[in-house]
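So this one's input.cif, mmCIF, C-alpha atoms:
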```
data_work
#
loop_
_atom_site.label_atom_id
_atom_site.label_comp_id
_atom_site.auth_asym_id
_atom_site.auth_seq_id
_atom_site.Cartn_x
_atom_site.Cartn_y
_atom_site.Cartn_z
CA MET A 1 0.00 0.00 0.00
CA ARG A 2 1.33 3.42 -0.98
CA THR A 3 1.71 5.96 1.82
CA LEU A 4 1.38 9.72 1.34
CA GLN A 5 2.13 12.36 3.95
CA ALA A 6 -0.76 14.85 3.90
CA ALA A 7 1.67 17.65 4.73
CA ASP A 8 3.61 16.97 1.52
CA ILE A 9 0.78 18.18 -0.69
CA ILE A 10 0.52 21.62 0.96
CA ILE A 11 3.28 23.51 -0.85
CA PRO A 12 2.82 22.05 -4.35
CA LEU A 13 -0.96 22.55 -4.16
CA SER A 14 -0.64 26.13 -2.93
CA GLU A 15 1.77 26.92 -5.80
CA LYS A 16 -0.73 25.56 -8.29
CA ILE A 17 -3.49 27.70 -6.78
CA LYS A 18 -1.31 30.83 -7.04
CA TYR A 19 -0.59 30.01 -10.67
CA ALA A 20 -4.24 29.33 -11.50
CA LEU A 21 -5.38 32.66 -10.04
CA THR A 22 -3.04 34.57 -12.34
CA HIS A 23 -3.32 32.31 -15.41
CA VAL A 24 -6.79 31.80 -16.86
CA ASP A 25 -7.26 28.24 -18.11
CA GLU A 26 -5.62 27.84 -21.53
CA HIS A 27 -8.66 26.30 -23.16
CA ALA A 28 -10.97 29.07 -21.91
CA LEU A 29 -8.52 31.70 -23.18
CA ALA A 30 -8.44 30.01 -26.61
CA LEU A 31 -12.26 30.07 -26.65
CA LEU A 32 -12.22 33.78 -25.73
CA LYS A 33 -9.81 34.59 -28.56
CA ASN A 34 -11.97 32.62 -30.97
CA ALA A 35 -15.05 34.49 -29.71
CA GLU A 36 -13.34 37.85 -30.22
CA ALA A 37 -12.52 36.89 -33.82
CA LYS A 38 -16.04 35.63 -34.55
CA GLU A 39 -18.26 38.15 -32.71
CA ARG A 40 -19.89 40.68 -35.06
CA ALA A 41 -21.50 43.03 -32.52
CA PRO A 42 -18.98 45.90 -32.05
CA LEU A 43 -19.54 46.42 -28.31
CA CYS A 44 -19.14 42.72 -27.54
CA LYS A 45 -16.08 42.48 -29.76
CA TRP A 46 -14.61 45.41 -27.83
CA ALA A 47 -15.44 43.74 -24.49
CA LEU A 48 -13.91 40.44 -25.60
CA GLY A 49 -10.78 42.27 -26.71
CA GLN A 50 -10.45 43.85 -23.26
CA ILE A 51 -10.91 40.46 -21.62
CA VAL A 52 -8.24 38.79 -23.77
CA GLU A 53 -5.87 41.72 -23.13
CA ASN A 54 -6.57 41.41 -19.39
CA ASP A 55 -5.91 37.67 -19.29
CA GLU A 56 -2.65 37.96 -21.23
CA LEU A 57 -1.52 40.85 -19.05
CA ALA A 58 -2.37 38.94 -15.87
CA ALA A 59 -0.33 35.92 -17.02
CA ALA A 60 2.62 38.06 -18.09
CA GLU A 61 2.70 39.97 -14.78
CA ASN A 62 1.52 37.22 -12.44
CA ALA A 63 -1.34 39.54 -11.51
CA TYR A 64 -4.72 38.24 -10.38
CA ALA A 65 -6.85 37.88 -13.49
CA CYS A 66 -9.85 39.04 -11.46
CA GLN A 67 -10.01 40.66 -8.04
CA ASP A 68 -12.62 38.05 -7.06
CA CYS A 69 -10.32 35.06 -6.61
CA GLY A 70 -13.37 33.08 -5.61
CA GLN A 71 -14.12 30.51 -2.98
CA ALA A 72 -11.90 27.47 -3.53
CA VAL A 73 -13.92 24.44 -4.62
CA LEU A 74 -11.92 21.21 -4.42
CA PHE A 75 -12.86 17.81 -5.80
CA VAL A 76 -10.69 15.29 -4.04
CA SER A 77 -10.48 11.71 -5.28
CA VAL A 78 -8.77 9.37 -2.86
CA GLY A 79 -7.62 5.98 -4.10
CA GLN A 80 -8.85 3.24 -1.76
CA ASP A 81 -5.39 1.63 -1.78
CA LEU A 82 -3.70 4.84 -0.63
CA HIS A 83 -2.75 5.32 2.98
CA ILE A 84 -2.66 8.98 4.02
CA GLU A 85 -0.71 9.97 7.11
CA GLY A 86 -1.82 13.19 8.74
CA ASN A 87 -5.05 15.14 8.33
CA LEU A 88 -5.93 15.51 4.65
CA THR A 89 -8.68 18.09 5.16
CA ASP A 90 -6.37 20.29 7.23
CA ALA A 91 -3.65 19.98 4.58
CA LEU A 92 -6.03 20.96 1.79
CA ASN A 93 -7.22 24.01 3.72
CA GLU A 94 -3.66 24.99 4.53
CA ALA A 95 -2.79 24.80 0.82
CA VAL A 96 -5.74 27.08 0.08
CA ARG A 97 -4.71 29.52 2.81
CA LEU A 98 -1.16 29.74 1.45
CA GLY A 99 -2.27 29.76 -2.18
CA TYR A 100 -4.46 32.80 -1.50
CA GLY A 101 -1.58 34.59 0.23
CA THR A 102 -1.87 38.02 -1.43
CA ALA A 103 -5.23 37.34 -3.06
CA ARG A 104 -8.43 38.94 -1.86
CA LYS A 105 -10.02 37.12 1.04
CA SER A 106 -13.60 36.47 0.05
CA VAL A 107 -14.89 33.91 2.56
CA ALA A 108 -17.18 35.01 5.40
CA ASP A 109 -19.59 33.57 7.95
CA PRO A 110 -23.05 33.55 6.33
CA LEU A 111 -24.81 35.08 9.36
CA THR A 112 -22.34 37.48 10.94
CA ARG A 113 -20.62 38.16 7.58
CA ARG A 114 -17.33 38.12 9.49
CA ASN A 115 -14.47 37.42 7.08
CA THR A 116 -12.27 34.42 7.90
CA HIS A 117 -9.30 36.33 6.40
CA THR A 118 -7.80 33.12 5.04
CA ASN A 119 -10.19 32.27 2.21
CA THR A 120 -10.84 29.04 4.07
CA PRO A 121 -12.61 26.76 4.62
CA ALA A 122 -12.54 25.51 1.06
CA VAL A 123 -15.59 23.74 -0.34
CA LEU A 124 -14.50 20.09 -0.29
CA HIS A 125 -16.01 17.19 -2.19
CA TYR A 126 -14.50 13.78 -1.50
CA ASP A 127 -14.75 10.69 -3.67
CA VAL A 128 -13.25 7.28 -3.00
CA VAL A 129 -11.91 5.75 -6.21
CA ALA A 130 -9.93 2.71 -7.29
CA GLY A 131 -6.13 2.74 -7.15
CA ASP A 132 -3.60 4.39 -4.88
CA SER A 133 -3.43 7.96 -6.16
CA LEU A 134 -4.76 11.26 -4.83
CA THR A 135 -6.34 13.65 -7.35
CA VAL A 136 -7.26 17.22 -6.45
CA GLY A 137 -9.38 19.27 -8.83
CA TYR A 138 -9.54 23.01 -8.07
CA LEU A 139 -12.06 25.56 -9.27
CA ALA A 140 -12.01 29.26 -8.26
CA LYS A 141 -15.69 30.10 -7.87
CA GLY A 142 -16.49 33.77 -8.03
CA ALA A 143 -19.69 35.14 -6.52
CA GLY A 144 -20.91 37.16 -9.49
CA SER A 145 -21.46 34.03 -11.52
CA GLU A 146 -22.30 31.66 -8.65
CA ASN A 147 -25.15 33.93 -7.54
CA MET A 148 -26.73 33.24 -10.94
CA SER A 149 -26.50 29.43 -10.67
CA ARG A 150 -29.76 27.51 -10.22
CA VAL A 151 -31.34 24.15 -9.47
CA TYR A 152 -34.50 23.02 -11.26
CA MET A 153 -36.48 20.07 -9.91
CA LEU A 154 -38.21 19.07 -13.14
CA THR A 155 -40.65 16.23 -13.55
CA PRO A 156 -39.66 13.45 -15.99
CA SER A 157 -42.32 14.56 -18.49
CA LYS A 158 -40.32 17.75 -19.14
CA GLY A 159 -37.63 15.61 -20.79
CA ILE A 160 -34.76 16.93 -22.91
CA ASP A 161 -36.66 20.08 -23.88
CA GLY A 162 -37.17 20.85 -20.20
CA ILE A 163 -33.46 20.49 -19.49
CA VAL A 164 -32.55 22.81 -22.37
CA ASN A 165 -35.22 25.35 -21.43
CA SER A 166 -33.99 25.40 -17.83
CA ALA A 167 -30.41 26.14 -18.89
CA VAL A 168 -31.57 28.85 -21.28
CA GLU A 169 -33.84 30.40 -18.64
CA CYS A 170 -31.00 30.39 -16.13
CA VAL A 171 -28.73 32.26 -18.55
CA ARG A 172 -31.50 34.64 -19.58
CA LEU A 173 -32.31 35.55 -15.98
CA ALA A 174 -28.61 36.02 -15.26
CA GLY A 175 -28.26 38.39 -18.20
CA SER A 176 -25.28 40.68 -17.89
CA SER A 177 -24.58 39.94 -14.22
CA PRO A 178 -22.34 36.81 -14.23
CA CYS A 179 -19.62 38.27 -16.51
CA PRO A 180 -20.58 36.64 -19.79
CA PRO A 181 -19.36 35.00 -21.93
CA VAL A 182 -19.88 32.21 -19.43
CA LEU A 183 -19.13 28.53 -19.23
CA LEU A 184 -22.02 26.33 -18.13
CA GLY A 185 -21.78 23.21 -16.01
CA ILE A 186 -25.03 21.26 -16.23
CA GLY A 187 -25.62 18.45 -13.76
CA ILE A 188 -28.55 16.20 -14.57
CA GLY A 189 -30.03 13.44 -12.43
CA GLY A 190 -29.30 12.08 -8.98
CA THR A 191 -30.99 14.09 -6.22
CA MET A 192 -31.01 17.85 -5.68
CA ASP A 193 -27.57 17.85 -4.05
CA VAL A 194 -26.06 15.38 -6.51
CA CYS A 195 -27.04 17.35 -9.61
CA ALA A 196 -25.63 20.54 -8.06
CA ARG A 197 -22.35 18.79 -7.34
CA LEU A 198 -22.25 17.32 -10.87
CA SER A 199 -22.75 20.78 -12.35
CA LYS A 200 -19.47 21.87 -10.71
CA LYS A 201 -17.68 18.66 -11.52
CA ALA A 202 -18.66 19.00 -15.18
CA LEU A 203 -16.86 22.36 -15.37
CA LEU A 204 -13.69 20.85 -13.98
CA PHE A 205 -13.49 17.37 -15.47
CA THR A 206 -14.13 18.47 -19.03
CA ASP A 207 -12.26 15.52 -20.54
CA ALA A 208 -14.49 12.94 -18.84
CA PRO A 209 -15.89 10.41 -21.31
CA LYS A 210 -19.33 11.38 -22.60
CA ARG A 211 -22.16 9.55 -24.33
CA ASP A 212 -23.34 10.72 -27.74
CA ASP A 213 -26.64 11.98 -26.31
CA GLU A 214 -24.77 13.98 -23.65
CA ARG A 215 -22.60 15.59 -26.33
CA ALA A 216 -25.64 16.36 -28.46
CA LEU A 217 -27.27 17.99 -25.43
CA GLU A 218 -24.18 20.13 -24.79
CA GLU A 219 -24.24 21.34 -28.38
CA ARG A 220 -27.95 22.09 -28.34
CA ILE A 221 -27.75 24.04 -25.07
CA LEU A 222 -24.79 26.06 -26.37
CA ARG A 223 -26.67 26.88 -29.57
CA GLU A 224 -29.85 27.93 -27.77
CA VAL A 225 -28.02 29.93 -25.09
CA ASN A 226 -26.15 31.83 -27.76
CA ALA A 227 -29.43 32.59 -29.51
CA THR A 228 -30.49 34.69 -26.49
CA GLY A 229 -28.49 37.63 -27.83
CA ILE A 230 -27.09 38.58 -24.41
CA GLY A 231 -23.50 38.58 -25.64
CA ALA A 232 -20.25 39.38 -23.87
CA GLN A 233 -20.91 41.45 -20.72
CA GLY A 234 -24.58 41.65 -21.70
CA PHE A 235 -23.78 44.23 -24.38
CA GLY A 236 -25.95 42.38 -26.92
CA GLY A 237 -24.16 39.89 -29.17
CA GLU A 238 -23.87 36.40 -30.54
CA ILE A 239 -21.60 34.74 -28.00
CA THR A 240 -23.10 34.45 -24.51
CA ALA A 241 -21.52 31.11 -23.58
CA LEU A 242 -18.12 29.78 -24.58
CA ALA A 243 -18.84 26.15 -23.74
CA THR A 244 -21.34 23.85 -22.03
CA TYR A 245 -20.43 20.73 -20.08
CA VAL A 246 -23.02 18.12 -19.17
CA MET A 247 -22.62 15.43 -16.53
CA THR A 248 -25.34 12.93 -15.62
CA ALA A 249 -26.20 10.44 -12.89
CA PRO A 250 -29.11 8.00 -12.57
CA THR A 251 -32.11 9.49 -10.81
CA HIS A 252 -35.44 8.40 -9.29
CA ILE A 253 -38.20 7.39 -11.74
CA GLY A 254 -40.24 10.31 -10.47
CA MET A 255 -37.57 13.03 -10.79
CA LEU A 256 -35.51 15.02 -13.27
CA PRO A 257 -33.20 17.29 -11.27
CA VAL A 258 -31.16 19.78 -13.28
CA ALA A 259 -28.51 22.11 -11.87
CA VAL A 260 -26.83 24.85 -13.83
CA THR A 261 -23.55 26.26 -12.52
CA VAL A 262 -22.72 29.51 -14.22
CA GLN A 263 -18.98 30.09 -14.44
CA CYS A 264 -17.58 33.45 -15.53
CA HIS A 265 -15.15 33.76 -18.43
CA SER A 266 -12.29 34.05 -15.93
CA ASP A 267 -12.02 30.27 -15.74
CA ARG A 268 -9.36 29.45 -13.17
CA LYS A 269 -8.88 25.77 -12.45
CA PHE A 270 -6.59 22.74 -12.56
CA ILE A 271 -6.43 19.04 -11.81
CA ALA A 272 -3.38 17.78 -9.91
CA ASN A 273 -2.26 14.25 -9.11
CA PHE A 274 -0.29 13.26 -6.04
CA MET B 1 -14.46 50.12 -31.31
CA SER B 2 -12.35 52.65 -33.23
CA SER B 3 -10.56 55.26 -31.15
CA GLN B 4 -12.31 58.11 -33.03
CA THR B 5 -15.68 57.13 -31.62
CA ILE B 6 -14.54 57.33 -27.99
CA ARG B 7 -14.89 60.70 -26.26
CA ASN B 8 -12.71 61.67 -23.30
CA PHE B 9 -14.15 62.99 -20.03
CA THR B 10 -12.76 64.08 -16.70
CA LEU B 11 -14.70 63.60 -13.47
CA PRO B 12 -16.73 65.18 -12.04
CA LEU B 13 -19.02 65.33 -15.07
CA SER B 14 -21.05 68.49 -15.66
CA GLU B 15 -24.81 68.18 -16.09
CA GLN B 16 -24.35 69.11 -19.75
CA GLU B 17 -21.84 66.30 -20.23
CA ILE B 18 -24.06 63.77 -18.47
CA VAL B 19 -27.07 64.68 -20.57
CA SER B 20 -25.02 64.45 -23.79
CA LEU B 21 -24.12 60.81 -23.15
CA LYS B 22 -26.34 58.13 -24.64
CA CYS B 23 -26.77 54.49 -23.91
CA GLY B 24 -24.29 52.42 -25.93
CA ASP B 25 -21.64 55.19 -26.08
CA VAL B 26 -18.15 54.15 -25.09
CA VAL B 27 -16.34 56.87 -23.14
CA ARG B 28 -12.82 57.26 -21.81
CA ILE B 29 -12.92 58.48 -18.21
CA SER B 30 -10.28 60.02 -15.95
CA GLY B 31 -10.69 61.45 -12.47
CA THR B 32 -11.53 60.64 -8.88
CA VAL B 33 -13.81 57.74 -7.95
CA TYR B 34 -14.64 56.18 -4.59
CA THR B 35 -14.82 52.40 -4.21
CA ALA B 36 -17.78 51.01 -2.31
CA ARG B 37 -19.42 47.59 -2.20
CA ASP B 38 -22.42 46.19 -0.28
CA ALA B 39 -21.03 46.72 3.22
CA ALA B 40 -19.95 50.35 2.63
CA HIS B 41 -23.26 51.14 0.96
CA LYS B 42 -25.10 49.80 3.96
CA ARG B 43 -23.12 52.15 6.22
CA PHE B 44 -23.63 55.12 3.88
CA VAL B 45 -27.38 54.62 3.89
CA GLN B 46 -27.55 54.04 7.65
CA ALA B 47 -25.62 57.30 8.19
CA LEU B 48 -27.88 59.20 5.78
CA GLU B 49 -30.99 57.89 7.54
CA LYS B 50 -29.66 58.95 10.93
CA GLY B 51 -28.51 62.31 9.57
CA GLU B 52 -24.91 61.52 10.48
CA PRO B 53 -21.95 62.83 8.46
CA LEU B 54 -20.51 60.63 5.70
CA PRO B 55 -16.78 60.03 5.17
CA ILE B 56 -17.03 61.31 1.60
CA ALA B 57 -18.96 64.13 -0.03
CA LEU B 58 -21.64 62.53 -2.21
CA GLN B 59 -22.45 65.66 -4.20
CA ASN B 60 -21.30 65.02 -7.81
CA ALA B 61 -19.39 61.96 -6.66
CA ALA B 62 -18.53 58.92 -8.75
CA ILE B 63 -18.85 55.54 -7.00
CA TYR B 64 -16.99 52.50 -8.30
CA TYR B 65 -18.38 49.12 -7.22
CA CYS B 66 -15.07 47.44 -6.55
CA GLY B 67 -13.22 45.45 -3.90
CA PRO B 68 -9.61 45.22 -5.08
CA THR B 69 -7.10 42.51 -4.24
CA PRO B 70 -4.69 43.76 -1.55
CA THR B 71 -1.91 46.07 -2.64
CA VAL B 72 1.47 44.37 -2.49
CA GLN B 73 4.74 46.18 -2.03
CA GLY B 74 5.64 48.57 -4.85
CA GLU B 75 2.15 48.61 -6.34
CA ILE B 76 -0.48 51.32 -6.27
CA ILE B 77 -3.36 48.86 -6.13
CA GLY B 78 -4.09 45.18 -6.78
CA SER B 79 -6.44 43.82 -9.43
CA CYS B 80 -9.50 46.03 -9.36
CA GLY B 81 -12.31 45.14 -11.72
CA PRO B 82 -15.99 45.91 -11.12
CA THR B 83 -18.32 43.81 -8.99
CA THR B 84 -21.98 43.03 -9.79
CA SER B 85 -23.93 46.28 -9.52
CA SER B 86 -27.32 44.73 -8.78
CA ARG B 87 -26.22 44.00 -5.21
CA MET B 88 -26.11 47.77 -4.67
CA ASP B 89 -29.57 48.34 -6.18
CA ASP B 90 -31.30 48.58 -2.80
CA TYR B 91 -28.98 51.41 -1.76
CA ALA B 92 -28.35 53.28 -5.03
CA PRO B 93 -31.53 55.43 -5.14
CA LYS B 94 -30.74 56.89 -1.71
CA LEU B 95 -27.22 57.78 -2.83
CA LEU B 96 -28.47 59.32 -6.08
CA GLU B 97 -30.90 61.39 -4.03
CA SER B 98 -27.89 62.59 -2.03
CA GLY B 99 -25.98 63.78 -5.08
CA VAL B 100 -24.07 60.84 -6.56
CA LYS B 101 -23.89 61.38 -10.32
CA VAL B 102 -21.82 58.49 -11.64
CA MET B 103 -21.91 54.79 -10.78
CA ILE B 104 -19.45 52.33 -12.28
CA GLY B 105 -19.96 48.58 -12.06
CA LYS B 106 -20.99 45.57 -14.08
CA GLY B 107 -24.35 44.13 -15.05
CA LYS B 108 -27.88 45.44 -15.32
CA ARG B 109 -29.67 47.61 -12.75
CA SER B 110 -33.19 47.30 -11.38
CA PRO B 111 -36.00 49.37 -12.91
CA ALA B 112 -36.06 51.40 -9.66
CA VAL B 113 -32.40 52.34 -10.04
CA ASN B 114 -32.80 53.24 -13.71
CA GLU B 115 -35.76 55.42 -12.75
CA ALA B 116 -33.71 57.13 -10.00
CA ILE B 117 -30.88 57.70 -12.49
CA LYS B 118 -33.34 59.48 -14.76
CA LYS B 119 -34.89 61.49 -11.92
CA HIS B 120 -31.54 62.75 -10.64
CA ARG B 121 -29.87 63.12 -14.05
CA ALA B 122 -27.10 60.71 -13.23
CA ILE B 123 -25.42 57.99 -15.25
CA TYR B 124 -24.41 54.34 -14.88
CA LEU B 125 -21.26 53.17 -16.64
CA ALA B 126 -20.37 49.53 -17.23
CA ALA B 127 -16.79 48.36 -16.81
CA ILE B 128 -15.66 44.96 -18.06
CA GLY B 129 -16.20 42.28 -15.42
CA GLY B 130 -13.13 40.11 -15.04
CA ALA B 131 -10.65 42.67 -16.33
CA GLY B 132 -9.09 43.52 -12.96
CA ALA B 133 -5.50 43.10 -14.13
CA LEU B 134 -6.14 45.61 -16.91
CA TYR B 135 -7.74 48.22 -14.64
CA LYS B 136 -4.90 47.88 -12.16
CA HIS B 137 -2.78 49.80 -14.66
CA LYS B 138 -5.36 52.56 -14.98
CA VAL B 139 -5.21 53.62 -11.33
CA THR B 140 -2.62 56.30 -10.62
CA SER B 141 -3.35 56.77 -6.92
CA CYS B 142 -5.19 54.86 -4.20
CA GLU B 143 -5.90 55.90 -0.63
CA CYS B 144 -8.06 54.18 1.96
CA ILE B 145 -10.30 56.87 3.39
CA ALA B 146 -13.02 55.10 5.38
CA TYR B 147 -14.26 51.87 6.94
CA GLU B 148 -10.81 50.29 6.99
CA ASP B 149 -12.25 47.48 9.13
CA LEU B 150 -14.14 46.26 6.07
CA GLY B 151 -10.90 45.11 4.43
CA CYS B 152 -11.35 44.89 0.67
CA GLU B 153 -14.78 46.45 1.14
CA ALA B 154 -13.33 49.64 2.67
CA VAL B 155 -13.83 52.93 0.85
CA HIS B 156 -10.83 53.87 -1.28
CA LYS B 157 -10.29 57.10 -3.16
CA LEU B 158 -8.85 56.25 -6.57
CA TYR B 159 -7.62 58.42 -9.39
CA ILE B 160 -8.34 56.56 -12.61
CA LYS B 161 -6.77 57.45 -15.94
CA ASP B 162 -8.24 56.75 -19.39
CA VAL B 163 -10.60 53.93 -18.47
CA GLU B 164 -12.88 52.90 -21.31
CA LEU B 165 -16.45 52.40 -20.09
CA LEU B 166 -19.83 51.80 -21.67
CA VAL B 167 -22.79 54.09 -20.95
CA ALA B 168 -25.16 51.39 -19.67
CA THR B 169 -27.97 53.58 -18.28
CA ASP B 170 -28.09 57.15 -19.52
CA SER B 171 -29.61 60.19 -17.81
CA HIS B 172 -32.88 59.56 -19.67
CA GLY B 173 -33.21 56.21 -17.91
CA GLU B 174 -32.50 54.20 -21.05
CA SER B 175 -30.54 51.02 -20.47
CA CYS B 176 -28.75 48.88 -23.03
CA LEU B 177 -27.78 45.89 -20.91
CA LYS B 178 -29.46 42.53 -21.41
#
```

Translate the structure of the given file into structure tokens.
Amino acid sequence: MRTLQAADIIIPLSEKIKYALTHVDEHALALLKNAEAKERAPLCKWALGQIVENDELAAAENAYACQDCGQAVLFVSVGQDLHIEGNLTDALNEAVRLGYGTARKSVADPLTRRNTHTNTPAVLHYDVVAGDSLTVGYLAKGAGSENMSRVYMLTPSKGIDGIVNSAVECVRLAGSSPCPPVLLGIGIGGTMDVCARLSKKALLFTDAPKRDDERALEERILREVNATGIGAQGFGGEITALATYVMTAPTHIGMLPVAVTVQCHSDRKFIANF
Amino acid sequence: MSSQTIRNFTLPLSEQEIVSLKCGDVVRISGTVYTARDAAHKRFVQALEKGEPLPIALQNAAIYYCGPTPTVQGEIIGSCGPTTSSRMDDYAPKLLESGVKVMIGKGKRSPAVNEAIKKHRAIYLAAIGGAGALYKHKVTSCECIAYEDLGCEAVHKLYIKDVELLVATDSHGESCLK
């Protein structure tokens, strides 16, 4: 059985968080550049140009791409054959605390609104998986976009059209507020909590294998969301979403839960293996 | 957006300048703005309701909805893009009534705010959300002037230079955000 010291992940993980906060995900940046080239509405083209300039400047200067460095959402997959010495949760939170060293501290008690001043605790999701590795997926979740995320408890009769309409309604109601162009994570199935969790996971594990009907659904949602005409920053244009990612789980015969996580264009994330 | 179509303005804006600006115009703004987010707005409004003095003069003021990342050594300010304006919608009419003329943020406003903008001949300008690293270079001075205990939500006096912004709600109450 492989043994891992929890304390050994702290420094490497914190370095990766620092890097992610100043370097927008490569794929998202490529989608933004493509959107700038394709967009025909002048105001949105201008906005996309400013965003691309910002992201390149942030990377060149190691500056925070956005002042909202988000709440840290971590998906942690622990191999069942791995033995971890020390407290893993404490180590993950310590990595977040260090990784957010000079970043803005955006985590507060929900009732007193007192800031924790460390950007911890992180939002932690644990999975037990086969093997002996430890995988940590990180997503910086800003409030502007997260406030626009929604859960829809549909009935099965609503079907595929209902799923698409929910995603489109979510984006339409969000309008200019979540910093479009957005990325959409769409969790379908399970229970209310499971679909919400899947909608985050979908944004992070974008290379996960997909069925043909899941891919077709992603494409249809992207097409219909972009037909809303909201455009970059809500200035009225053709590109409201850069990408859509669907993830599904079996659900009860009487349910069709759908969660939509709205992620801003400042897509800061990584997956690390230990 | 060709450079010829962008007009330059220095804050504070005159009434004539405000009225001349139309929804969808892109303007280049320089001058003094005050940062304030939810927590500072709450204190402003509480002070106004109690008739207590405010730490800044609201007459003709420009408010920037922004909570920057902390300033590190050798820098004027950290990343400093706009935050979502709708969270300030409950407070904005009271501030407009007290003389605020310019609000800078991101995202659409409530009908009540757009109506108050029209009533008080003010203006709402949209900055690009998620462009904090870009705006960092447009701030030539930064001073914390009130509510330091609020951390990133404290009120800072910034001098901004040549920031390109979109007129999102004009003084006629017209809005062009989706």

request  = Please identify all polymer residues within 7 Å of stretch 56-69 of chain B, counting all atoms listed in the file, omitting same-chain residues fewer than 5 positions from it, and present them as a list in words.
outcome  =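 Non-adjacent residues within range: Gln67, Ala103 and Arg104 of chain A; Pro12, Val33, Tyr34, Thr35, Ala36, Arg37, Gly78, Ser79, Cys80, Gly81, Pro82, Thr83, Ser85, Ser98, Gly99, Val100, Lys101, Val102, Met103, Ile104, Gly105, Cys152 and Glu153 of chain B.
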
request  = Kindly give the distance, in Å, that separates atom CA of A:Thr248 and atom CA of A:Asp161, rounded to a single decimal.
outcome  = 15.7 Å

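Across B:Lys108, B:His156, B:Arg121, B:Lys42, the tightest approach to chain A is made by B:Lys108 when counting only C-alpha atoms.
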
Interface rows for chain B against chain A: nearest pair, Å to one decimal, 7 Å, only C-alpha atoms, as a tab-separated table:
```
residue	atom	partner	partner_atom	distance
B:Met1	CA	A:Trp46	CA	5.9
B:Pro68	CA	A:Gln67	CA	5.5
B:Thr69	CA	A:Arg104	CA	4.5
B:Pro70	CA	A:Arg104	CA	6.1
B:Ser79	CA	A:Gln67	CA	5.0
B:Cys80	CA	A:Gln67	CA	5.6
B:Gly81	CA	A:Gln67	CA	6.2
B:Thr84	CA	A:Gly144	CA	6.0
B:Lys106	CA	A:Ser177	CA	6.7
B:Gly107	CA	A:Ser177	CA	4.3
B:Lys108	CA	A:Ser176	CA	6.0
B:Ile128	CA	A:Ala47	CA	6.5
B:Gly129	CA	A:Cys179	CA	5.4
B:Gly130	CA	A:Cys66	CA	5.0
B:Ala131	CA	A:Asn54	CA	5.3
B:Gly132	CA	A:Cys66	CA	4.8
B:Ala133	CA	A:Ala65	CA	5.4
B:Leu134	CA	A:Asn54	CA	4.9
B:Cys176	CA	A:Phe235	CA	6.9
B:Leu177	CA	A:Gly234	CA	5.4
B:Lys178	CA	A:Gly234	CA	5.0
```

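As for atom CA of A:Ala60 and atom CA of B:Cys142, they are spaced 23.2 Å apart.
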
task = Report as a list in words the full result of the PyMOL selection byres ((chain A and resi 81-92) around 6) when it is applied to this structure.
result =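 Selection result, ordered by chain and number: Met1, Arg2, Thr3, Leu4, Gln5, Ala6, Ala7, Ile10, Gly79, Gln80, Asn93, Glu94, Ala95, Gly131 and Asp132 of chain A.
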
Go ahead and save the picked residues with C-alpha atoms, as a compact mmCIF listing (two decimals), in the coordinates of the input.
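Writing the result to out30.txt gives the following:
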```txt
# COMPACT_ATOMS: atom_id res chain seq x y z
CA MET A 1 0.00 0.00 0.00
CA ARG A 2 1.33 3.42 -0.98
CA THR A 3 1.71 5.96 1.82
CA LEU A 4 1.38 9.72 1.34
CA GLN A 5 2.13 12.36 3.95
CA ALA A 6 -0.76 14.85 3.90
CA ALA A 7 1.67 17.65 4.73
CA ILE A 10 0.52 21.62 0.96
CA GLY A 79 -7.62 5.98 -4.10
CA GLN A 80 -8.85 3.24 -1.76
CA ASN A 93 -7.22 24.01 3.72
CA GLU A 94 -3.66 24.99 4.53
CA ALA A 95 -2.79 24.80 0.82
CA GLY A 131 -6.13 2.74 -7.15
CA ASP A 132 -3.60 4.39 -4.88
```

ask   = Could you spell out the hits of the PyMOL selection byres ((chain B and resi 141) around 6) on the shown file, as a PyMOL selection string?
value = chain B and resi 139-140+142+158-159

ask   = How many Å separate atom CA of A:Lys201 from atom CA of A:Ala216?
value =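 Distance between the two atoms: 18.9 Å.
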
message = Applying the PyMOL selection byres ((chain B and resi 55) around 9) to the file I just gave you, which residues come out? Please list them as a ChimeraX atom specification.
response = /B:44,53-54,56-57,145-147,155

Skipping near chain neighbours, those fewer than 4 positions away, what residues fall within 9 Å of B:Leu166 using all atoms listed in the file, listed as a PDB file with C-alpha atoms, in the frame of the given file?
```pdb
ATOM      1  CA  LEU A  43     -19.540  46.420 -28.310  1.00  0.00           C
ATOM      2  CA  PHE A 235     -23.780  44.230 -24.380  1.00  0.00           C
TER       3      PHE A 235
ATOM      4  CA  CYS B  23     -26.770  54.490 -23.910  1.00  0.00           C
ATOM      5  CA  GLY B  24     -24.290  52.420 -25.930  1.00  0.00           C
ATOM      6  CA  ASP B  25     -21.640  55.190 -26.080  1.00  0.00           C
ATOM      7  CA  VAL B  26     -18.150  54.150 -25.090  1.00  0.00           C
ATOM      8  CA  VAL B  27     -16.340  56.870 -23.140  1.00  0.00           C
ATOM      9  CA  ARG B  28     -12.820  57.260 -21.810  1.00  0.00           C
ATOM     10  CA  TYR B 124     -24.410  54.340 -14.880  1.00  0.00           C
ATOM     11  CA  LEU B 125     -21.260  53.170 -16.640  1.00  0.00           C
ATOM     12  CA  ALA B 126     -20.370  49.530 -17.230  1.00  0.00           C
ATOM     13  CA  ALA B 127     -16.790  48.360 -16.810  1.00  0.00           C
ATOM     14  CA  ILE B 128     -15.660  44.960 -18.060  1.00  0.00           C
TER      15      ILE B 128
END
```

ask   = Which one of B:Lys50, B:Ile18, B:Gly31, B:Arg87 sits closest to B:Lys118 if you count all atoms listed in the file?
value =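 Of B:Lys50, B:Ile18, B:Gly31, B:Arg87, the one nearest B:Lys118, counting all atoms listed in the file, is B:Ile18.
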